[in-house]
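What follows is a set of notes on a single structure, which appears directly below.
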Amino acid sequence: MERISQAFLNFVNSKYGIDTNIVLARTDEKFGDFSTNIAMQIAGRLGHNPRQVAEEIVANISDDLITDIQVAGPGFINITLSESGLIQFAESEPQRIYANQSVVIETNNPNPFKAMHVGHAFNAILADNVANLLEAGGANVFRVSYHGDVGLHVGKSMYSLLAYVDGDASKLDQIAENERNAFMSKMYATGSTAYKSDETAKLEIDELAKQSFTREDPLFAKVYDTCKDWSFEQIDRDVARLGNKPTERRFLESDAELRGVKIVKDNTPGVFIESDGAIVFEGSKYGAFDNAFVSKRGTGLYASRDLGLIQLKNEYYHPQKSYIVTAEEQRDYFKGVIVAAGLCMPDLKDVTVNISTGTVLLPSGKMSSRDGAVVDIALLFEQVSEAIKSRGGTSDDISIAAVLRYQFLQVRIGGDVVFDVDNASSVQGNSGPYLQYAHARARSIIAKVGSESVGELVDLQPDERSLLRKIGEYNEVVDRAVAELLPHYVCNYLYELSQGFNKFYEHNRVAGDERESVRLKLVMLYADTIKSGLGLLGIHAPDKM
């Protein structure tokens, strides 16, 4: 496309002395392959009739990638590509717009001492796929994670855990590995309930939250260390089951605590103000909200730790960009943190970017369990596994990752996802398993005919040309997804491509046809494109199903 755009640009610049952007847009196939309104853009500046300008441009554009070029309507220019042009588009590579950039992205951030839930799964998948897109664009990507290992949520869990062990930490050894996730969820839920309903328990939990920073008591430290290890082992297993690539570094709030407090105090007054003993950032002046970064007791709060984390990431990776993917309700919070970080650390201004997600919903409303709590990830995995089994599938041919990733990624980031487990796990309709099946079906055709029979794409028939044209859109779609960091473009395209192939295959036999070698080449290009797109989404493309 760049070559054709340049041909238009060269003529417009030499003939009219105008340097402008040439936009080539895909058009309905009956009008050609691309269309541009460049004549209409510049006609006003020239004081000429747009159609006359278009006709003059058309008369002077010649390229062996183009077989036909026509003026339409008030001045649109429609372009039809040659077979060699279509082949070039189908075999081209995506642009590498992030080449030589160093990027850090948090691809999971659930807290230990309680189970991961569906929101964590959603954010982890989206973040991992944004990382995939950045890599496709040429960036040097560092996947990291960040977890709250101190604070109130730890105090709530430790309140229940210490009551459970009753002075003997070895009681934890009796809990089977496959029961630890549910056990930790129960401990946290019990502590949360006590914190809300029992003033004595609340005071004790507040004290235990403080102890999470020091862990001086031997029993506390033993229970804490054991359960933290359990949590991270489970988090790693769950994230891998989602199809995420491994992270290379795990950051903890305890790592960022002292750094964050120092940053805040070093910038008070100035960036921060003191208010009733606490240190506050007046985020309302910057479109966020006023937020305490350091408590009256002088301890760091979430926001100061996030400042410490920004500094840590810079020390380890010196990134040009650092991405954090979080739920939409945290958008204004991060807006304030990012502004404060830029004021405290001017060299890091505009490095950190917060990407806000929507919410996972069931067809009947917000995704929650029967008791109203958020669905934890074990229940989510169980539901998906049961849905796969009910269709006669196994995790070998239809993976949980394929079901969840495609369902979560096909909606534009920021929008809510309605998770219907039956539709998401179906091998029919717009789903991850359907695209896995589409790839396997194409590979079976290739295996049946034999790859040695593949030929060249010449003298294409209309249906063959249409399929090649659609395959050629892939890299344009990837370029757009990479530029905007929006994977839903890839999902939409892959589904359209698979539908287009089904239509082609319905009317065009491959094996045994006189055009077998040409059509086999098309099937191979199609299968490779489906595989590449699924890979970009983090979904395995099986050869058999």
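Residues are named by chain letter and number: chains run A, B, ... in the order of the structure tokens, numbers start at 1 in each chain, and ligands are numbered from 1 in the order shown.
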Near-range 57-74 of chain A list (12 Å; only C-alpha atoms; drop same-chain fewer than 4 positions) as an NGL selection string: :A and (1-16 or 31-43 or 49-53 or 78-89)
Which residues are near Leu258 in chain A? Cut-off 10 Å, only C-alpha atoms, ignore same chain within fewer than 4 positions. Put them as a list in words.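 After dropping sequence-adjacent residues, the list is Glu253, Ser254, Lys262, Ile263, Thr299, Gly300, Ser304, Arg305 and Gly308 of chain A.
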Residue list (alpha helix (DSSP H), DSSP) for range 332-530 of chain A, as a ChimeraX atom specification: /A:332-344,377-390,400-409,421-424,432-449,462-471,474-484,488-507,516-530
So, with only C-alpha atoms as the atoms that count, which of A:Glu496, A:Glu514, A:Glu315, A:Asp206 lies closest to Ser192 in chain A?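 Closest to Ser192 in chain A, using only C-alpha atoms: A:Asp206.
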Quick one, how far is CA of Asp332 in chain A from CA of Ala288 in chain A?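 Answer for the CA of Asp332 in chain A to CA of Ala288 in chain A separation: 5.1 Å.
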Give me the residues within 10 Å of Arg391 in chain A as a CSV table (one decimal) with N, CA and C atoms, in the first residue's frame, counting only C-alpha atoms and dropping any in the same chain fewer than 2 places off.
```csv
chain,number,residue,atom,x,y,z
A,386,GLU,N,-16.6,-27.7,32.0
A,386,GLU,CA,-17.8,-28.5,31.9
A,386,GLU,C,-18.5,-28.2,30.5
A,387,ALA,N,-18.5,-27.0,30.1
A,387,ALA,CA,-19.1,-26.6,28.8
A,387,ALA,C,-18.3,-27.3,27.6
A,388,ILE,N,-17.0,-27.4,27.7
A,388,ILE,CA,-16.2,-28.1,26.7
A,388,ILE,C,-16.6,-29.6,26.7
A,389,LYS,N,-16.6,-30.2,27.9
A,389,LYS,CA,-16.9,-31.6,28.0
A,389,LYS,C,-18.3,-32.0,27.5
A,393,GLY,N,-15.7,-32.3,23.8
A,393,GLY,CA,-14.3,-31.9,23.6
A,393,GLY,C,-13.5,-32.2,24.8
A,394,THR,N,-12.2,-32.0,24.6
A,394,THR,CA,-11.2,-32.1,25.7
A,394,THR,C,-10.3,-30.9,25.7
A,422,ASP,N,-21.6,-21.1,27.0
A,422,ASP,CA,-22.0,-22.0,26.0
A,422,ASP,C,-21.6,-21.5,24.6
A,425,SER,N,-17.7,-21.5,24.2
A,425,SER,CA,-17.0,-22.8,24.0
A,425,SER,C,-17.5,-23.5,22.8
A,426,SER,N,-18.4,-23.0,22.0
A,426,SER,CA,-18.9,-23.6,20.8
A,426,SER,C,-18.0,-23.6,19.7
A,427,VAL,N,-18.0,-24.7,18.9
A,427,VAL,CA,-17.2,-24.7,17.6
A,427,VAL,C,-18.0,-24.2,16.5
```
Do a neighbour search on Asp350 in chain A at 10 Å with only C-alpha atoms, toss out local chain neighbours closer than 6 positions, and write the hits as a list in words.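 The residues that qualify are Gln320, Lys321, Ser322, Ile338, Val339, Ala341 and Gly342 of chain A.
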Considering only C-alpha atoms, give me a table of residues in range 19-130 of chain A that are at most 8 Å from range 475-486 of chain A, with the closest atom pair and distance in Å for each, as a tab-separated table.
```
residue	atom	partner	partner_atom	distance
A:Phe89	CA	A:Asn475	CA	7.8
A:Ala90	CA	A:Asn475	CA	7.8
A:Ser92	CA	A:Asn475	CA	7.1
A:Glu93	CA	A:Asn475	CA	6.4
A:Pro94	CA	A:Asn475	CA	5.1
A:Gln95	CA	A:Asp479	CA	6.2
A:Ile97	CA	A:Ala483	CA	7.5
A:Val130	CA	A:Leu485	CA	5.8
```
At a cut-off of 12 Å, using only C-alpha atoms, what residues contact Phe334 in chain A? Leave out same-chain residues fewer than 3 positions from it and give the result as number ranges by chain. A: 283, 286-291, 302-304, 306-307, 310, 323-331, 337-341, 352-356
Excluding Trp230 in chain A and its own-chain neighbours fewer than 5 positions away, which residues fall within 9 Å of it when counting only C-alpha atoms? Please give them as a list in words.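 Listed by chain and then number, they are Pro112, Phe113, Glu177, Arg180, Asn181, Asp225 and Ile235 of chain A.
Taking CA of Tyr434 in chain A as the reference point, CA of Cys491 in chain A is found at 11.7 Å.
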Out of range 4-37 of chain A, which residues get strand (DSSP E) from DSSP, as a PyMOL selection string? chain A and resi 25-26+34-36
Selected residues, N, CA and C atoms, written as a short mmCIF file (atom, residue, chain, number, x, y, z; two decimals), in the first residue's frame, please.
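The new file part11.cif reads:
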```cif
data_model
loop_
_atom_site.label_atom_id
_atom_site.label_comp_id
_atom_site.auth_asym_id
_atom_site.auth_seq_id
_atom_site.Cartn_x
_atom_site.Cartn_y
_atom_site.Cartn_z
N ALA A 25 -8.33 3.57 1.33
CA ALA A 25 -9.29 2.82 2.15
C ALA A 25 -9.82 1.63 1.37
N ARG A 26 -10.02 0.52 2.07
CA ARG A 26 -10.64 -0.63 1.45
C ARG A 26 -12.05 -0.27 0.99
N PHE A 34 -9.20 -0.61 -3.48
CA PHE A 34 -8.98 0.55 -2.63
C PHE A 34 -9.65 1.77 -3.25
N SER A 35 -9.88 2.76 -2.39
CA SER A 35 -10.42 4.03 -2.86
C SER A 35 -9.70 5.16 -2.12
N THR A 36 -9.55 6.30 -2.79
CA THR A 36 -8.98 7.47 -2.14
C THR A 36 -9.76 8.71 -2.54
#
```
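For Thr226 in chain A, the list of residues within 12 Å, based on only C-alpha atoms and with local chain neighbours fewer than 5 positions off taken out, reads A:Pro112, A:Phe113, A:Met158, A:Leu161, A:Ala169, A:Ser170, A:Lys171, A:Leu172, A:Asp173, A:Ile175, A:Arg180, A:Met184, A:Leu219, A:Phe220, A:Ala221, A:Ser231, A:Phe232, A:Glu233.
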Now that the selection is made, can you save its residues with C-alpha atoms as a PDB file, in the first residue's frame?
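Result file is selection-v4.pdb:
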```
ATOM      1  CA  PRO A 112      -1.932 -12.909  47.439  1.00  0.00           C
ATOM      2  CA  PHE A 113      -3.950 -14.198  50.423  1.00  0.00           C
ATOM      3  CA  MET A 158      -4.276 -13.246  58.758  1.00  0.00           C
ATOM      4  CA  LEU A 161      -5.591 -17.776  59.419  1.00  0.00           C
ATOM      5  CA  ALA A 169       1.360 -23.249  61.957  1.00  0.00           C
ATOM      6  CA  SER A 170       1.849 -26.931  61.024  1.00  0.00           C
ATOM      7  CA  LYS A 171      -1.950 -27.245  60.783  1.00  0.00           C
ATOM      8  CA  LEU A 172      -1.621 -25.625  57.380  1.00  0.00           C
ATOM      9  CA  ASP A 173       0.229 -28.745  56.186  1.00  0.00           C
ATOM     10  CA  ILE A 175      -4.646 -28.629  53.640  1.00  0.00           C
ATOM     11  CA  ARG A 180      -5.708 -24.203  49.075  1.00  0.00           C
ATOM     12  CA  MET A 184      -7.655 -18.889  51.159  1.00  0.00           C
ATOM     13  CA  LEU A 219       4.013 -17.349  64.196  1.00  0.00           C
ATOM     14  CA  PHE A 220       2.705 -14.483  62.084  1.00  0.00           C
ATOM     15  CA  ALA A 221       5.765 -14.715  59.810  1.00  0.00           C
ATOM     16  CA  SER A 231      -0.895 -17.737  46.626  1.00  0.00           C
ATOM     17  CA  PHE A 232       1.887 -17.077  44.164  1.00  0.00           C
ATOM     18  CA  GLU A 233       2.133 -20.731  43.167  1.00  0.00           C
TER      19      GLU A 233
END
```
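For the atom pair formed by CA of Ser102 in chain A and CA of Phe293 in chain A, the distance is 28.6 Å, given to one decimal.
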